[in-house]
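Below you'll find the structure, written out as structure tokens, and then a few comments.
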Amino acid sequence: MRLRRIEIVFVLVLVATALVSAQTVSTAHRRTLDELTDEAAFIVHGYVVGVRVEPHPQLHNLQTVVVSMQIDDVLKGDVPREFAFRQFIWDVRSIHDGGGYRKRQELMLFLRPPSRYGLTSPAGLQQGRFVIQRDSAGNVTAVNADNNIGLFKTLPKAAQRRGAALPAAALALANKAAGPVPLTDLKQAVRALSRRSQ
């Protein structure tokens, strides 16, 4: 029993260290689109249909959020139309708001490979989670928590390095320093980059 407690404490310390490290890297280094694409095992676009906060089934002291999605489009990886993932809640304040996920929310997610405990998170934390916005004129845009700052600065070079042909609209994203971008242009760029990163 004592050994089991030591193992749990050890795992909690490892997880906390990894998350603090990831958060530090995330705030110190804004990921570019090619970095997010490479880091992600799955890139999906869809709607949140369920959000449930609960302890991890094995590591009971860890609070997690289980997000269920209806997937409209898969840009990288093999994901079923109904898809769920479990994410560690590192900020206690997020326990009451489902880790920032809400039912009926439309998202494009760049999800990292799941850990051996079945945990995943967006690449670059909030940088790999894009909220999809639709306006009354029918425009559909995507923006991450960093307001897409610096997201496309390496796009032309990254595409050239990979031998990926980008449509003109996707290539034009390189001129966008920040702010929401058309979802279709973002998807075109991601598809081109992900074909060459797999």
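Within each chain, counting starts at residue 1; across the structure tokens, chains are named A, B, ... in the order shown, with ligands numbered 1 upward in that order.
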
- Task: Could you please write out, as a PyMOL selection string, every residue of range 34-185 of chain A that DSSP assigns to helix (DSSP H, G or I)?
- Result: chain A and resi 34-39+92-100+125-128+155-162+168-175+183-185

Output file for the selection above: C-alpha atoms, as a short mmCIF file (atom, residue, chain, number, x, y, z; two decimals), in the first residue's frame:
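File result-v3.cif, as written:
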data_model
loop_
_atom_site.label_atom_id
_atom_site.label_comp_id
_atom_site.auth_asym_id
_atom_site.auth_seq_id
_atom_site.Cartn_x
_atom_site.Cartn_y
_atom_site.Cartn_z
CA ASP A 34 4.22 23.79 -39.30
CA GLU A 35 5.37 23.11 -35.71
CA LEU A 36 1.78 22.56 -34.52
CA THR A 37 1.17 20.25 -37.50
CA ASP A 38 4.30 18.21 -36.79
CA GLU A 39 3.57 17.96 -33.05
CA VAL A 92 -7.89 24.22 -10.83
CA ARG A 93 -10.00 27.16 -11.97
CA SER A 94 -10.77 25.20 -15.17
CA ILE A 95 -12.52 22.40 -13.27
CA HIS A 96 -15.75 24.41 -13.16
CA ASP A 97 -15.70 25.38 -16.84
CA GLY A 98 -14.83 21.98 -18.33
CA GLY A 99 -11.24 22.93 -19.08
CA GLY A 100 -12.52 25.63 -21.43
CA LEU A 125 -1.57 23.94 -25.19
CA GLN A 126 -4.04 26.68 -26.21
CA GLN A 127 -2.08 27.43 -29.39
CA GLY A 128 -3.35 24.19 -30.92
CA LEU A 155 4.69 29.10 -43.78
CA PRO A 156 6.34 29.76 -47.19
CA LYS A 157 9.72 28.37 -46.08
CA ALA A 158 8.12 25.37 -44.34
CA ALA A 159 6.11 24.54 -47.46
CA GLN A 160 9.19 24.93 -49.66
CA ARG A 161 11.28 22.72 -47.36
CA ARG A 162 8.66 19.99 -47.57
CA ALA A 168 -2.44 31.12 -53.30
CA ALA A 169 -5.01 31.83 -50.56
CA ALA A 170 -3.18 29.58 -48.08
CA LEU A 171 0.19 31.09 -49.04
CA ALA A 172 -1.24 34.57 -48.45
CA LEU A 173 -1.67 33.67 -44.76
CA ALA A 174 2.05 34.45 -44.38
CA ASN A 175 1.11 38.14 -44.64
CA LEU A 183 -11.07 28.38 -42.01
CA THR A 184 -10.78 27.09 -45.59
CA ASP A 185 -7.36 28.77 -46.06
#

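Each of A:Gly179, A:Pro114, A:Pro55, A:Gly138 was compared to Ile89 in chain A using only C-alpha atoms, and A:Pro55 turns out to be the nearest.
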
- Query: CA of Thr64 in chain A and CA of Ile43 in chain A, how far apart in Å?
  - Reply: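 So the two atoms, CA of Ile43 in chain A and CA of Thr64 in chain A, lie 20.7 Å apart.
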
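Counting from CA of Phe88 in chain A, the distance to CA of Leu151 in chain A is 24.9 Å.
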
- Task: Would you list, as a ChimeraX atom specification, the residues of range 18-180 of chain A that end up in strand (DSSP E or B) under DSSP run on this structure's backbone?
- Result: /A:42-55,63-76,82-88,106-111,119,122,129-134,140-144

- Neighbour list for Pro57 in chain A as a list in words, cut-off 12 Å, only C-alpha atoms, skip fewer than 2 positions in-chain: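 Residues meeting the cut-off are Val53, Glu54, Pro55, Leu59, His60, Asn61, Leu62, Gln63, Thr64, Val65, Val66, Arg86, Phe88, Tyr117, Gly118 and Leu119 of chain A.
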
Write the residues you've just listed into a file as a short mmCIF file (atom, residue, chain, number, x, y, z; two decimals), in the first residue's frame, and include N, CA, C and O atoms for each of them.
data_model
loop_
_atom_site.label_atom_id
_atom_site.label_comp_id
_atom_site.auth_asym_id
_atom_site.auth_seq_id
_atom_site.Cartn_x
_atom_site.Cartn_y
_atom_site.Cartn_z
N VAL A 53 -16.10 16.43 -16.49
CA VAL A 53 -14.93 16.54 -15.62
C VAL A 53 -14.99 15.40 -14.62
O VAL A 53 -16.02 15.18 -13.97
N GLU A 54 -13.89 14.66 -14.52
CA GLU A 54 -13.85 13.51 -13.60
C GLU A 54 -12.41 13.16 -13.27
O GLU A 54 -11.49 13.51 -14.02
N PRO A 55 -12.18 12.45 -12.16
CA PRO A 55 -10.83 11.98 -11.84
C PRO A 55 -10.36 10.98 -12.90
O PRO A 55 -11.18 10.29 -13.51
N LEU A 59 -5.28 7.20 -12.11
CA LEU A 59 -4.60 8.15 -11.22
C LEU A 59 -5.67 9.04 -10.60
O LEU A 59 -5.92 10.15 -11.06
N HIS A 60 -6.31 8.54 -9.56
CA HIS A 60 -7.53 9.16 -9.02
C HIS A 60 -7.35 10.58 -8.51
O HIS A 60 -8.33 11.30 -8.36
N ASN A 61 -6.11 10.98 -8.23
CA ASN A 61 -5.90 12.34 -7.73
C ASN A 61 -5.80 13.37 -8.86
O ASN A 61 -5.71 14.57 -8.59
N LEU A 62 -5.77 12.91 -10.10
CA LEU A 62 -5.69 13.82 -11.24
C LEU A 62 -7.09 14.14 -11.75
O LEU A 62 -7.86 13.24 -12.05
N GLN A 63 -7.40 15.42 -11.86
CA GLN A 63 -8.67 15.84 -12.44
C GLN A 63 -8.50 15.94 -13.96
O GLN A 63 -7.51 16.49 -14.44
N THR A 64 -9.45 15.38 -14.69
CA THR A 64 -9.38 15.39 -16.14
C THR A 64 -10.71 15.84 -16.72
O THR A 64 -11.72 15.84 -16.04
N VAL A 65 -10.67 16.21 -17.99
CA VAL A 65 -11.90 16.50 -18.71
C VAL A 65 -11.97 15.55 -19.89
O VAL A 65 -10.98 15.33 -20.59
N VAL A 66 -13.12 14.92 -20.06
CA VAL A 66 -13.36 14.03 -21.20
C VAL A 66 -14.24 14.80 -22.18
O VAL A 66 -15.34 15.22 -21.83
N ARG A 86 -9.27 12.51 -23.50
CA ARG A 86 -9.16 12.89 -22.09
C ARG A 86 -7.97 13.82 -21.91
O ARG A 86 -6.86 13.51 -22.36
N PHE A 88 -5.78 16.34 -19.09
CA PHE A 88 -5.50 16.69 -17.71
C PHE A 88 -5.87 18.16 -17.49
O PHE A 88 -5.60 19.02 -18.33
N TYR A 117 -1.11 6.94 -20.24
CA TYR A 117 -2.28 7.01 -19.35
C TYR A 117 -3.52 7.51 -20.10
O TYR A 117 -4.54 7.83 -19.49
N GLY A 118 -3.41 7.60 -21.42
CA GLY A 118 -4.56 8.01 -22.22
C GLY A 118 -4.86 9.50 -22.21
O GLY A 118 -5.94 9.93 -22.57
N LEU A 119 -3.89 10.30 -21.79
CA LEU A 119 -4.07 11.75 -21.72
C LEU A 119 -3.49 12.42 -22.97
O LEU A 119 -2.44 12.02 -23.46
#

- Taking into account only C-alpha atoms, which residue in the set A:Leu111, A:Leu33, A:Val49, A:Ile132 is nearest to Ile71 in chain A?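 For Ile71 in chain A, the nearest of the candidates is A:Val49.
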
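Using only C-alpha atoms, the nearest neighbour of Leu193 in chain A within the list A:Met69, A:Ala40, A:Ala145, A:Ala178 is A:Ala40.
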
- Which is closer to Val140 in chain A than all the others in A:Arg195, A:Arg81, A:Arg30, A:Lys187, using only C-alpha atoms? A:Lys187

- Task: Find the spatial neighbours of Met108 in chain A, counting only C-alpha atoms, within a cut-off of 9 Å - ignore same-chain residues fewer than 2 positions away - and output them as a ChimeraX atom specification.
- Result: /A:43-47,106,110,128-132,142
